[in-house]
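Novice: I have a structure here, written as C-alpha cells, and I will follow up with some questions on it.
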Amino acid sequence: MIPGKLRKGFKLVYDITPYEYRQQCVYEYIYEQMKNSNYTTLSELVDMSNTQNVTEFAKQFKRYIGVDPKNLLKKE
C-alpha cells in the first residue's frame with residue numbers, strides 16, 4: 001500500500017493520523033509510568049518521549065493526556 005493512502009485511510013477510520021496515534025500511545029505509556037513509579041522531575045520523563053526539552057514535553061503531555069504533568073509527579 002502507498003504510504004499516503006495508508007495515512008489517509010488510517011485517518012478516515014480512526015479520525016487521527018498515525019503520527020498522532022503513536023504520540024498518544026507514547027504519552028499514555030509515560031502517564032502509566034508516572035502513576036506506578038517514583039519519578040520526581042519532568043527531565044526524568046523527557047527521555048521516554050520524543051521531545052527536545054521539558055517545556056515541549058509538558059505541552060505535549062497536557063495535549064494528549066489532558067493534565068499538567070507537574071501535578072502528577074510524586075513528591076519525595
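Residues in the C-alpha cells are numbered from 1 in each chain, the chains being A, B, ... in the order shown, and ligands are numbered from 1 in the order shown.
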With a distance cut-off of 10 Å and only C-alpha atoms, select the neighbouring residues of Lys59 (chain A), excluding the residue or stretch itself and same-chain residues fewer than 6 positions from it, and output the selection as number ranges by chain.
Specialist: A: 51, 66-69
Novice: What lies within 12 Å of Thr41 (chain A) using only C-alpha atoms, ignoring chain neighbours under 2 positions off, as a PDB file with C-alpha atoms, in the first residue's frame?
Specialist:
ATOM      1  CA  MET A  34       4.297   8.187  36.287  1.00  0.00           C
ATOM      2  CA  SER A  37       6.904   4.773  39.626  1.00  0.00           C
ATOM      3  CA  ASN A  38       8.702   7.350  41.720  1.00  0.00           C
ATOM      4  CA  TYR A  39       9.611   9.957  39.137  1.00  0.00           C
ATOM      5  CA  SER A  43      13.503  15.768  32.971  1.00  0.00           C
ATOM      6  CA  GLU A  44      13.445  12.101  34.028  1.00  0.00           C
ATOM      7  CA  LEU A  45      10.461  11.589  31.722  1.00  0.00           C
ATOM      8  CA  VAL A  46      11.615  13.628  28.718  1.00  0.00           C
ATOM      9  CA  ASP A  47      13.925  10.829  27.586  1.00  0.00           C
ATOM     10  CA  VAL A  54      10.948  19.813  29.346  1.00  0.00           C
ATOM     11  CA  PHE A  57       7.244  17.609  26.879  1.00  0.00           C
ATOM     12  CA  ALA A  58       4.855  19.291  29.324  1.00  0.00           C
ATOM     13  CA  PRO A  69       2.420  16.523  34.257  1.00  0.00           C
ATOM     14  CA  LYS A  70       3.820  18.653  37.101  1.00  0.00           C
ATOM     15  CA  ASN A  71       0.637  17.936  39.041  1.00  0.00           C
ATOM     16  CA  LEU A  72       1.156  14.180  38.720  1.00  0.00           C
ATOM     17  CA  LEU A  73       4.748  13.897  39.893  1.00  0.00           C
ATOM     18  CA  LYS A  74       5.146  12.083  43.183  1.00  0.00           C
ATOM     19  CA  LYS A  75       6.656  14.176  45.933  1.00  0.00           C
ATOM     20  CA  GLU A  76       9.503  12.776  47.961  1.00  0.00           C
TER      21      GLU A  76
END
Novice: Given only C-alpha atoms as the basis, pick out the residue of A:Gln52, A:Tyr64, A:Pro3, A:Asn36 nearest to Glu20 (chain A).
Specialist: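 Of the candidates, the smallest distance to Glu20 (chain A) is held by A:Tyr64.
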Novice: Can you work out which one of A:Gly4, A:Ile16, A:Gln23, A:Lys11 has the shortest atom-to-atom distance to Arg63 (chain A), counting only C-alpha atoms?
Specialist: A:Gln23
Novice: Using only C-alpha atoms, which residue out of A:Ile2, A:Leu12, A:Gln24, A:Thr17 lies closest to Gln60 (chain A)?
Specialist: A:Gln24
Novice: Restricting the calculation to only C-alpha atoms, which member of A:Asn50, A:Lys62, A:Leu42, A:Thr55 is positioned closest to Tyr19 (chain A)?
Specialist: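 When distances to Tyr19 (chain A) are compared using only C-alpha atoms, the smallest one comes from A:Asn50.
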Novice: If DSSP is run on the backbone, what residues of chain A are alpha helix (DSSP H)? A reply as a PyMOL selection string would be ideal.
Specialist: chain A and resi 3-14+18-36+43-46+54-65
Novice: For the atom pair CA of Asn53 (chain A) and CA of Lys35 (chain A), what is the interatomic distance in Å to one decimal place?
Specialist: 21.3 Å
Novice: So what do you get for CA of Val26 (chain A) versus CA of Met48 (chain A), distance-wise?
Specialist: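 Going from CA of Val26 (chain A) over to CA of Met48 (chain A) covers 7.9 Å.
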